[in-house]
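Q: This is the content of coords_23.csv (CSV, C-alpha atoms):
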```
chain,number,residue,atom,x,y,z
A,1,MET,CA,29.7,-18.2,-9.2
A,2,LEU,CA,32.1,-18.7,-12.1
A,3,VAL,CA,31.3,-21.8,-14.1
A,4,THR,CA,32.5,-23.6,-17.2
A,5,LEU,CA,30.6,-23.5,-20.4
A,6,ASP,CA,29.4,-27.1,-19.9
A,7,LYS,CA,28.1,-26.3,-16.5
A,8,ALA,CA,26.2,-23.2,-17.7
A,9,ILE,CA,24.6,-25.2,-20.5
A,10,SER,CA,23.7,-27.9,-18.0
A,11,LEU,CA,22.0,-25.3,-15.7
A,12,ILE,CA,20.1,-23.8,-18.6
A,13,ASN,CA,18.9,-27.3,-19.8
A,14,GLU,CA,17.8,-28.1,-16.2
A,15,GLY,CA,15.4,-25.2,-16.6
A,16,LYS,CA,17.0,-22.9,-14.0
A,17,THR,CA,16.4,-19.2,-14.2
A,18,LEU,CA,19.8,-17.5,-14.7
A,19,HIS,CA,21.5,-14.2,-14.9
A,20,ILE,CA,24.8,-14.7,-16.9
A,21,ALA,CA,27.8,-12.5,-17.5
A,22,ALA,CA,30.6,-13.7,-19.8
A,23,ASP,CA,32.6,-13.0,-22.9
A,24,ASP,CA,30.6,-13.0,-26.1
A,25,SER,CA,32.3,-16.1,-27.4
A,26,LEU,CA,30.8,-18.1,-24.5
A,27,LEU,CA,27.3,-16.4,-24.4
A,28,ALA,CA,26.9,-17.1,-28.1
A,29,GLN,CA,27.2,-20.9,-27.5
A,30,LEU,CA,24.5,-21.1,-24.8
A,31,PRO,CA,21.2,-22.8,-25.6
A,32,ARG,CA,17.8,-21.1,-25.3
A,33,GLY,CA,16.3,-21.0,-21.9
A,34,LYS,CA,15.3,-18.9,-19.0
A,35,TRP,CA,18.2,-16.6,-18.9
A,36,ILE,CA,19.5,-13.1,-19.7
A,37,GLY,CA,23.1,-12.2,-20.2
A,38,GLY,CA,25.6,-9.5,-20.9
A,39,THR,CA,29.1,-9.3,-22.2
A,40,THR,CA,32.2,-8.8,-20.0
A,41,PRO,CA,35.4,-10.8,-19.5
A,42,TYR,CA,36.0,-9.1,-16.1
A,43,PHE,CA,34.6,-10.5,-12.9
A,44,ILE,CA,35.0,-10.2,-9.1
A,45,ALA,CA,34.6,-13.9,-8.4
A,46,GLU,CA,34.4,-15.5,-5.0
A,47,ASP,CA,38.1,-16.2,-5.3
A,48,GLY,CA,38.9,-12.6,-6.3
A,49,GLY,CA,39.0,-10.3,-9.3
A,50,VAL,CA,39.7,-12.1,-12.6
A,51,PHE,CA,39.9,-11.5,-16.3
A,52,THR,CA,38.7,-14.6,-18.2
A,53,LYS,CA,37.1,-15.6,-21.5
A,54,ASP,CA,36.9,-19.2,-20.5
A,55,MET,CA,34.3,-19.0,-17.6
A,56,LEU,CA,30.9,-17.5,-17.2
A,57,TYR,CA,29.5,-15.8,-14.1
A,58,VAL,CA,26.1,-17.2,-13.2
A,59,ASN,CA,23.5,-16.1,-10.7
A,60,GLU,CA,20.8,-18.7,-10.2
A,61,ILE,CA,17.5,-16.9,-9.5
A,62,ASP,CA,15.8,-19.2,-7.1
A,63,PHE,CA,13.8,-16.6,-5.1
A,64,ALA,CA,11.2,-15.6,-7.8
A,65,SER,CA,7.7,-17.0,-8.0
A,66,ASP,CA,7.4,-16.0,-11.6
A,67,VAL,CA,9.7,-14.7,-14.4
A,68,ARG,CA,9.3,-12.8,-17.6
A,69,VAL,CA,11.9,-11.6,-20.0
A,70,ALA,CA,11.5,-8.6,-22.4
A,71,VAL,CA,13.7,-6.6,-24.8
A,72,TYR,CA,13.5,-2.8,-25.1
A,73,GLY,CA,14.9,-0.1,-27.4
A,74,LYS,CA,15.4,3.6,-26.9
A,75,TYR,CA,11.8,4.4,-27.7
A,76,ASN,CA,10.2,2.2,-25.1
A,77,ILE,CA,12.9,1.5,-22.4
A,78,PHE,CA,10.8,3.1,-19.7
A,79,GLN,CA,7.9,0.7,-20.4
A,80,ILE,CA,9.8,-1.4,-17.9
A,81,VAL,CA,7.9,0.4,-15.1
A,82,GLU,CA,4.6,-0.8,-16.6
A,83,ASP,CA,5.7,-4.3,-17.5
A,84,CYS,CA,7.3,-5.3,-14.2
A,85,PHE,CA,5.5,-7.3,-11.5
A,86,ASP,CA,3.8,-5.2,-8.8
A,87,ASN,CA,5.9,-6.8,-6.1
A,88,GLY,CA,9.0,-7.6,-7.9
A,89,LEU,CA,12.5,-6.9,-9.0
A,90,THR,CA,13.6,-5.9,-12.4
A,91,MET,CA,17.1,-7.0,-13.5
A,92,LEU,CA,18.2,-4.8,-16.4
A,93,ILE,CA,21.2,-5.2,-18.7
A,94,LEU,CA,22.1,-2.3,-21.1
A,95,PRO,CA,24.8,-2.5,-23.8
A,96,TYR,CA,27.6,0.1,-23.5
A,97,GLY,CA,27.7,2.8,-26.0
A,98,SER,CA,24.1,2.4,-27.2
A,99,LYS,CA,21.4,4.9,-27.6
A,100,VAL,CA,19.1,3.0,-25.2
A,101,THR,CA,21.8,3.2,-22.5
A,102,GLU,CA,22.2,6.9,-23.1
A,103,LYS,CA,18.5,7.4,-23.0
A,104,TYR,CA,18.2,5.4,-19.7
A,105,ALA,CA,21.2,7.3,-18.2
A,106,LYS,CA,19.8,10.7,-19.0
A,107,GLU,CA,16.1,10.2,-18.3
A,108,ALA,CA,15.7,7.5,-15.6
A,109,PRO,CA,15.8,9.9,-12.7
A,110,ASP,CA,12.8,11.7,-14.1
A,111,VAL,CA,10.7,8.7,-14.7
A,112,GLU,CA,7.5,8.7,-12.8
A,113,GLU,CA,7.2,5.7,-10.4
A,114,LEU,CA,10.7,4.3,-11.1
A,115,LEU,CA,11.5,4.3,-7.4
A,116,LEU,CA,8.3,2.2,-6.8
A,117,HIS,CA,9.8,-0.6,-8.9
A,118,PRO,CA,13.2,-1.9,-7.6
A,119,THR,CA,15.5,-2.0,-10.7
A,120,VAL,CA,19.0,-3.3,-10.5
A,121,GLY,CA,21.5,-4.2,-13.3
A,122,TRP,CA,24.5,-3.2,-15.3
A,123,VAL,CA,26.0,-2.0,-18.5
A,124,SER,CA,27.6,-4.7,-20.5
A,125,GLY,CA,31.1,-4.2,-21.8
A,126,HIS,CA,34.1,-5.8,-23.5
A,127,ASP,CA,37.8,-6.6,-23.3
A,128,LEU,CA,39.4,-3.2,-23.1
A,129,ALA,CA,42.2,-4.4,-25.3
A,130,THR,CA,39.7,-4.8,-28.1
A,131,SER,CA,37.0,-2.7,-29.7
A,132,GLU,CA,34.4,-5.5,-29.6
A,133,ASP,CA,30.8,-4.7,-29.4
A,134,SER,CA,29.1,-4.8,-26.0
A,135,LYS,CA,26.1,-7.0,-26.1
A,136,VAL,CA,23.1,-8.2,-24.2
A,137,TYR,CA,21.4,-11.5,-24.6
A,138,ASP,CA,17.7,-12.5,-24.4
A,139,GLY,CA,18.3,-16.2,-23.6
A,140,THR,CA,14.6,-17.1,-24.2
A,141,THR,CA,15.2,-16.5,-27.9
A,142,GLY,CA,18.9,-16.8,-28.0
A,143,THR,CA,19.2,-13.3,-29.6
A,144,ALA,CA,22.1,-10.9,-29.0
A,145,TYR,CA,21.6,-7.1,-29.2
A,146,THR,CA,24.0,-4.2,-29.3
A,147,ASP,CA,21.2,-1.6,-29.4
A,148,LYS,CA,18.6,-2.9,-27.0
A,149,ALA,CA,18.3,-3.6,-23.3
A,150,VAL,CA,17.1,-6.8,-21.9
A,151,ALA,CA,15.0,-7.0,-18.7
A,152,MET,CA,14.2,-9.9,-16.5
A,153,PHE,CA,11.1,-9.3,-14.4
A,154,LEU,CA,11.0,-11.3,-11.2
A,155,ARG,CA,7.9,-11.7,-9.1
A,156,LEU,CA,8.7,-12.0,-5.4
A,157,PRO,CA,6.7,-14.1,-3.0
A,158,GLU,CA,4.3,-12.2,-0.8
A,159,GLY,CA,6.0,-10.6,2.2
A,160,LYS,CA,9.4,-10.3,0.4
A,161,THR,CA,10.9,-7.1,-0.9
A,162,ALA,CA,13.9,-6.3,-3.1
A,163,MET,CA,16.4,-4.0,-1.4
A,164,ILE,CA,18.9,-2.4,-3.7
A,165,ASN,CA,22.0,-0.7,-2.3
A,166,ILE,CA,25.4,0.5,-3.2
A,167,VAL,CA,28.9,0.5,-1.8
A,168,ASN,CA,30.7,3.7,-2.7
A,169,ILE,CA,34.1,4.6,-1.4
A,170,PHE,CA,33.9,8.2,-2.5
A,171,GLU,CA,32.6,11.3,-0.6
A,172,ASP,CA,32.8,15.0,-1.4
A,173,ASP,CA,34.9,17.6,0.3
A,174,LYS,CA,32.3,20.1,1.7
A,175,ASP,CA,35.0,22.8,1.5
A,176,ASP,CA,35.3,22.4,-2.2
A,177,PRO,CA,33.3,24.6,-4.5
A,178,VAL,CA,29.9,23.4,-5.7
A,179,ILE,CA,29.7,22.6,-9.4
A,180,THR,CA,26.4,22.7,-11.3
A,181,PHE,CA,25.5,22.0,-14.9
A,182,PRO,CA,23.0,23.7,-17.2
A,183,GLU,CA,21.6,20.4,-18.6
A,184,ASN,CA,21.4,16.6,-18.3
A,185,THR,CA,24.4,15.6,-20.4
A,186,LEU,CA,27.1,13.0,-20.9
A,187,GLU,CA,29.4,15.6,-22.5
A,188,VAL,CA,30.1,18.8,-20.7
A,189,ASP,CA,31.2,22.1,-22.1
A,190,LYS,CA,30.3,24.7,-19.5
A,191,CYS,CA,29.6,24.4,-15.8
A,192,SER,CA,29.0,26.8,-13.0
A,193,VAL,CA,31.4,26.8,-10.0
A,194,ASP,CA,30.0,28.6,-7.0
A,195,GLY,CA,27.7,30.5,-9.4
A,196,ARG,CA,30.5,31.5,-11.9
A,197,GLU,CA,30.2,30.1,-15.4
A,198,ILE,CA,33.4,28.4,-16.6
A,199,SER,CA,34.7,25.8,-19.0
A,200,PHE,CA,34.6,22.5,-17.1
A,201,ALA,CA,37.7,21.2,-18.9
A,202,GLU,CA,39.5,24.4,-18.0
A,203,TYR,CA,38.3,24.1,-14.3
A,204,ILE,CA,39.7,20.5,-14.2
A,205,ARG,CA,43.0,21.7,-15.7
A,206,GLU,CA,43.4,24.7,-13.4
A,207,LYS,CA,42.6,22.8,-10.3
A,208,SER,CA,44.8,19.8,-11.3
A,209,VAL,CA,41.9,17.5,-10.6
A,210,ASP,CA,42.8,13.8,-10.4
A,211,THR,CA,40.2,12.5,-12.8
A,212,GLN,CA,40.4,9.0,-11.3
A,213,MET,CA,38.3,10.6,-8.6
A,214,PRO,CA,34.7,11.1,-9.7
A,215,LEU,CA,32.3,13.9,-9.3
A,216,VAL,CA,30.0,13.1,-6.5
A,217,ALA,CA,26.5,14.2,-5.7
A,218,ASP,CA,24.8,13.9,-2.3
A,219,TYR,CA,21.4,12.2,-2.6
A,220,ASN,CA,20.2,12.6,1.0
A,221,GLY,CA,23.4,11.2,2.5
A,222,VAL,CA,24.1,8.7,-0.3
A,223,TYR,CA,26.8,9.6,-2.7
A,224,PHE,CA,26.4,9.0,-6.5
A,225,ASN,CA,29.5,9.2,-8.7
A,226,ILE,CA,30.0,10.6,-12.1
A,227,SER,CA,33.3,9.4,-13.6
A,228,VAL,CA,35.3,11.4,-16.1
A,229,LYS,CA,35.9,9.5,-19.4
A,230,SER,CA,37.8,11.9,-21.5
A,231,ILE,CA,38.8,15.5,-22.0
A,232,GLU,CA,39.0,16.4,-25.6
A,233,ASN,CA,38.6,19.6,-27.6
A,234,GLY,CA,37.6,21.5,-24.5
A,235,LYS,CA,34.8,19.0,-23.7
A,236,VAL,CA,34.6,16.6,-20.8
A,237,GLY,CA,33.1,13.2,-21.6
A,238,LEU,CA,31.4,11.4,-18.7
A,239,TYR,CA,30.5,7.7,-18.1
A,240,ALA,CA,27.2,8.8,-16.5
A,241,PRO,CA,25.3,12.0,-17.0
A,242,VAL,CA,25.3,15.0,-14.8
A,243,PHE,CA,21.9,16.5,-14.1
A,244,LYS,CA,20.6,20.0,-14.1
A,245,GLY,CA,19.6,21.1,-10.6
A,246,ILE,CA,22.0,18.7,-8.8
A,247,GLU,CA,25.0,20.0,-6.9
A,248,TYR,CA,28.4,18.2,-7.5
A,249,ARG,CA,31.8,18.3,-6.1
A,250,PHE,CA,34.9,16.3,-6.9
A,251,ALA,CA,35.5,13.4,-4.6
A,252,ARG,CA,38.0,13.6,-1.8
A,253,ARG,CA,41.1,11.6,-2.7
A,254,VAL,CA,41.1,8.0,-1.6
A,255,SER,CA,44.6,6.9,-0.5
A,256,ASN,CA,44.1,3.2,-0.2
A,257,TYR,CA,41.4,2.1,-2.6
A,258,VAL,CA,41.3,-1.6,-1.6
A,259,GLU,CA,41.4,-0.9,2.1
A,260,GLU,CA,38.6,1.7,1.7
A,261,PHE,CA,36.5,-0.9,-0.1
A,262,LYS,CA,37.0,-3.4,2.7
A,263,ASN,CA,36.0,-0.9,5.3
A,264,ARG,CA,32.9,0.2,3.4
A,265,ILE,CA,31.8,-3.4,2.6
A,266,GLY,CA,32.3,-4.3,6.3
A,267,ALA,CA,29.9,-1.5,7.2
A,268,THR,CA,27.1,-2.6,4.8
A,269,GLY,CA,26.0,-5.6,6.9
A,270,ALA,CA,24.7,-7.4,3.8
A,271,GLN,CA,24.4,-11.1,4.3
A,272,LYS,CA,23.4,-12.8,1.1
A,273,PRO,CA,23.1,-10.5,-2.0
A,274,VAL,CA,21.3,-12.2,-4.8
A,275,PHE,CA,23.1,-10.0,-7.3
A,276,SER,CA,26.0,-7.7,-7.3
A,277,CYS,CA,28.3,-6.0,-9.8
A,278,ASN,CA,31.3,-3.6,-9.6
A,279,CYS,CA,32.5,-1.0,-11.9
A,280,ILE,CA,35.4,-1.5,-14.3
A,281,LEU,CA,36.9,1.7,-13.0
A,282,ASN,CA,37.0,0.3,-9.5
A,283,TYR,CA,38.6,-2.9,-10.9
A,284,LEU,CA,41.3,-0.9,-12.7
A,285,TYR,CA,42.0,2.0,-10.4
A,286,GLY,CA,41.6,-0.1,-7.3
A,287,GLY,CA,43.7,-3.0,-8.6
A,288,LEU,CA,41.0,-5.4,-7.8
A,289,GLU,CA,42.4,-8.3,-9.9
A,290,GLY,CA,43.0,-11.1,-7.5
A,291,LYS,CA,41.2,-9.2,-4.6
A,292,LYS,CA,38.1,-10.5,-3.0
A,293,THR,CA,35.1,-8.4,-1.9
A,294,PRO,CA,33.0,-10.9,0.0
A,295,PRO,CA,30.0,-11.3,0.1
A,296,TYR,CA,29.9,-9.4,-3.2
A,297,ALA,CA,30.8,-11.2,-6.4
A,298,GLY,CA,29.6,-10.7,-10.0
A,299,PRO,CA,30.4,-9.1,-13.2
A,300,VAL,CA,32.7,-6.1,-13.6
A,301,THR,CA,30.7,-3.6,-15.6
A,302,PHE,CA,30.8,-0.5,-17.7
A,303,GLY,CA,28.1,1.1,-15.6
A,304,GLU,CA,25.8,0.0,-12.7
A,305,VAL,CA,22.1,0.4,-12.4
A,306,ALA,CA,20.5,1.0,-9.0
A,307,TYR,CA,17.2,2.5,-10.3
A,308,GLN,CA,19.3,5.0,-12.3
A,309,LEU,CA,22.7,4.6,-14.0
A,310,LEU,CA,25.7,4.9,-11.6
A,311,ASN,CA,29.4,4.8,-12.0
A,312,GLN,CA,32.4,3.6,-10.1
A,313,THR,CA,30.1,1.9,-7.6
A,314,LEU,CA,29.5,-1.6,-6.3
A,315,THR,CA,25.8,-2.2,-6.6
A,316,TYR,CA,23.9,-5.1,-5.0
A,317,CYS,CA,20.4,-6.4,-4.3
A,318,GLU,CA,19.1,-8.5,-1.4
A,319,ILE,CA,15.7,-10.0,-0.9
A,320,VAL,CA,14.4,-9.4,2.6
B,321,MET,CA,1.3,9.5,7.0
B,322,ALA,CA,0.5,10.2,10.6
B,323,PRO,CA,0.4,13.9,11.6
B,324,ASN,CA,3.5,13.7,13.9
B,325,VAL,CA,5.5,12.0,11.1
B,326,GLN,CA,4.2,14.4,8.5
B,327,ALA,CA,5.3,17.5,10.5
B,328,LYS,CA,8.9,16.1,10.7
B,329,PHE,CA,8.9,14.8,7.2
B,330,GLU,CA,8.0,18.3,5.9
B,331,LEU,CA,10.9,19.7,7.8
B,332,LEU,CA,13.1,17.0,6.2
B,333,LEU,CA,11.9,18.0,2.8
B,334,GLN,CA,12.7,21.6,3.6
B,335,LYS,CA,16.2,20.5,4.7
B,336,LYS,CA,15.6,21.8,8.2
B,337,LEU,CA,16.1,18.2,9.5
B,338,LYS,CA,18.5,15.6,8.4
B,339,TYR,CA,17.8,11.9,8.1
B,340,THR,CA,19.4,9.2,6.0
B,341,SER,CA,17.6,5.9,5.5
B,342,ALA,CA,19.2,2.5,5.1
B,343,ASN,CA,17.0,2.1,2.0
B,344,LEU,CA,18.6,3.6,-1.2
B,345,GLY,CA,15.3,4.0,-2.9
B,346,PHE,CA,13.9,6.0,0.0
B,347,ASN,CA,16.9,8.3,0.1
B,348,MET,CA,16.6,8.9,-3.7
B,349,LEU,CA,13.0,9.7,-3.2
B,350,ILE,CA,13.7,12.2,-0.3
B,351,SER,CA,16.4,13.8,-2.4
B,352,LYS,CA,14.0,14.2,-5.4
B,353,LEU,CA,11.3,15.6,-3.2
B,354,GLN,CA,13.7,18.0,-1.5
B,355,ARG,CA,14.5,19.4,-4.9
B,356,LYS,CA,10.9,19.6,-5.8
B,357,VAL,CA,10.0,21.5,-2.6
B,358,ALA,CA,13.0,23.9,-3.0
B,359,SER,CA,11.8,24.8,-6.5
B,360,ASP,CA,8.1,24.9,-5.7
B,361,PRO,CA,7.2,25.2,-2.0
B,362,GLU,CA,3.5,24.8,-3.0
B,363,SER,CA,4.3,21.2,-4.0
B,364,MET,CA,4.7,20.1,-0.4
B,365,ALA,CA,1.3,18.3,-0.2
B,366,ALA,CA,1.9,16.4,-3.5
B,367,CYS,CA,5.4,15.4,-2.2
B,368,VAL,CA,3.9,14.1,1.0
B,369,ARG,CA,1.4,12.0,-1.1
B,370,GLU,CA,4.3,10.7,-3.2
B,371,ALA,CA,6.1,9.6,0.0
B,372,ASP,CA,2.8,8.0,1.2
B,373,ASP,CA,2.6,6.0,-2.1
B,374,PHE,CA,6.2,4.8,-1.5
B,375,ALA,CA,5.4,3.8,2.1
B,376,ALA,CA,2.3,1.9,1.0
B,377,LYS,CA,4.4,0.0,-1.5
B,378,PHE,CA,7.2,-0.8,0.9
B,379,PRO,CA,5.6,-0.7,4.4
B,380,ALA,CA,8.1,-3.0,6.0
B,381,VAL,CA,11.0,-0.8,5.0
B,382,VAL,CA,9.5,2.7,5.3
B,383,ASN,CA,7.4,2.4,8.5
B,384,ALA,CA,10.6,1.9,10.5
B,385,ASP,CA,12.0,5.1,8.8
B,386,PHE,CA,8.8,7.0,9.6
B,387,ALA,CA,9.1,6.0,13.3
B,388,ARG,CA,12.7,7.3,13.3
B,389,ILE,CA,11.8,10.5,11.5
B,390,ALA,CA,9.0,11.2,14.0
B,391,ALA,CA,11.5,10.9,16.8
B,392,LEU,CA,13.9,13.5,15.3
```
As structure tokens, what does this structure read like?
A:
Amino acid sequence: MLVTLDKAISLINEGKTLHIAADDSLLAQLPRGKWIGGTTPYFIAEDGGVFTKDMLYVNEIDFASDVRVAVYGKYNIFQIVEDCFDNGLTMLILPYGSKVTEKYAKEAPDVEELLLHPTVGWVSGHDLATSEDSKVYDGTTGTAYTDKAVAMFLRLPEGKTAMINIVNIFEDDKDDPVITFPENTLEVDKCSVDGREISFAEYIREKSVDTQMPLVADYNGVYFNISVKSIENGKVGLYAPVFKGIEYRFARRVSNYVEEFKNRIGATGAQKPVFSCNCILNYLYGGLEGKKTPPYAGPVTFGEVAYQLLNQTLTYCEIV
Amino acid sequence: MAPNVQAKFELLLQKKLKYTSANLGFNMLISKLQRKVASDPESMAACVREADDFAAKFPAVVNADFARIAAL
């Protein structure tokens, strides 16, 4: 829920365990306590999508039997799979544009046992009209970081499991050629289209690809998106990495973004997500300002974490 | 993994059967194991063990999936 600064301070001082998303000017004023946070002024609140630097989005964590908070850099980020609770949920916030985020993006899918430890989270961002730093906060020390990730490890009561899921409005067109890449990378030079090596930037230009539509990869019936960030000097920048050995196609065009979201959300059957976040690209391209996506509400993000880094996706977690 | 589940699960990893779980993590695991088996068919036994480890960790979720896979 969106709350005022006074309310957030009051919740922290009551000793509540909190996940908080807000503009840096607000997070910097919070007292120490059992919370982690990340910067963003964009939200999908219960009343609809909103840009605000005056309110904070707070998730109260009332389902955990134990809580630990830790901070990780690029050299030890995957220590999270060792440090987490055996039956638990890891909430992870990574700062946009940092080395730790790049490392997580590129290597998470190869991390042994990551799938045995439910990990959900997001990439913190900033007001797109500014070039402010994206930050994460360890509320237990009151420290902000631009180069480290913060994790909140939550122990779940016996018999409870964290279920992470996504809502993705994109699918591939199976008639489209398959695109593969020679390495795990966030910046692409060459790709292979139906086995023929070609400049990826050139392919996008020749095919007049609408780059608001992401690349999608089929993970056993679940589609993961890779959004195009830029095309400069013959190279294609991506918001999430492509991986060697994975087959991609560009997504089929979505004619009514908001309607498609409604349809997909209706199909999920989720009742009470304890956390959700949605991508800034969905917010912008889908015109989600003022639009509701019940039962999902939370920060609008520069990347989503559902075990690995995702893009242009609504990500959520339920405790079942 | 029971033998009747394992027989179908191996076909799933060879992409001779299709099954999508409601559990994102399990789908990601199946996809990863399918790629592993495609690049090294000898890894099948290790892949089945990895799926068993996942099932042991999340029995409430995966046992229902295994029942559906056995019925494919």
Q: What does the distance from CA of Ile12 in chain A to CA of Val100 in chain A come to in Å, to one decimal?
A: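 Separation of CA of Ile12 in chain A and CA of Val100 in chain A: 27.6 Å.
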Q: Please, which residues of chain B lie no more than 6 Å from chain A when the count uses all atoms listed in the file, and can they be set out as a ChimeraX atom specification?
A: /B:340,344-345,347-348,351
Q: Let me make sure I understand: among B:Ala391, B:Val325, B:Ala358, B:Leu331, which one has the smallest atom-to-atom distance to Asp372 in chain B if we use only C-alpha atoms?
A: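 Counting only C-alpha atoms, the residue closest to Asp372 in chain B is B:Val325.
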Q: When you draw a straight line from CA of Tyr285 in chain A to CA of Tyr257 in chain A, how long is it in Å?
A: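 One can read the CA of Tyr285 in chain A to CA of Tyr257 in chain A distance as 7.8 Å.
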Q: Can you tell me which residues surround Pro214 in chain A at a distance of at most 12 Å, considering only C-alpha atoms, apart from same-chain residues fewer than 2 positions away, and format the answer as a PyMOL selection string?
A: chain A and resi 168-173+204+209-212+216-217+223-229+238-242+248-254+281-282+285+310-313
Q: Would you please work out which residue, of A:Val193, A:Ile319, A:Val258, A:Met213, is nearest to Val178 in chain A when using all atoms listed in the file?
A: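 When distances to Val178 in chain A are compared using all atoms listed in the file, the smallest one comes from A:Val193.
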Q: Please indicate the distance in Å from CA of Thr39 in chain A to CA of Ser230 in chain A, rounded to one decimal place.
A: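 That distance, rounded to one decimal, is 22.9 Å.
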Q: Near Lys262 in chain A, within 12 Å and counting only C-alpha atoms, which residues show up once chain neighbours fewer than 5 positions away are dropped, as a list in words?
A: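 That gives Val167, Asn168, Ile169, Asn256, Tyr257, Ala267, Thr268, Gly269, Gly286, Leu288, Lys291, Lys292, Thr293, Pro294, Pro295, Tyr296 and Leu314 of chain A.
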Q: So, counting all atoms listed in the file, which residue among B:Ile389, B:Pro323, B:Phe346, B:Ser341 is closest to Glu370 in chain B?
A: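 Answer, going by the shortest atom-to-atom distance: B:Phe346.
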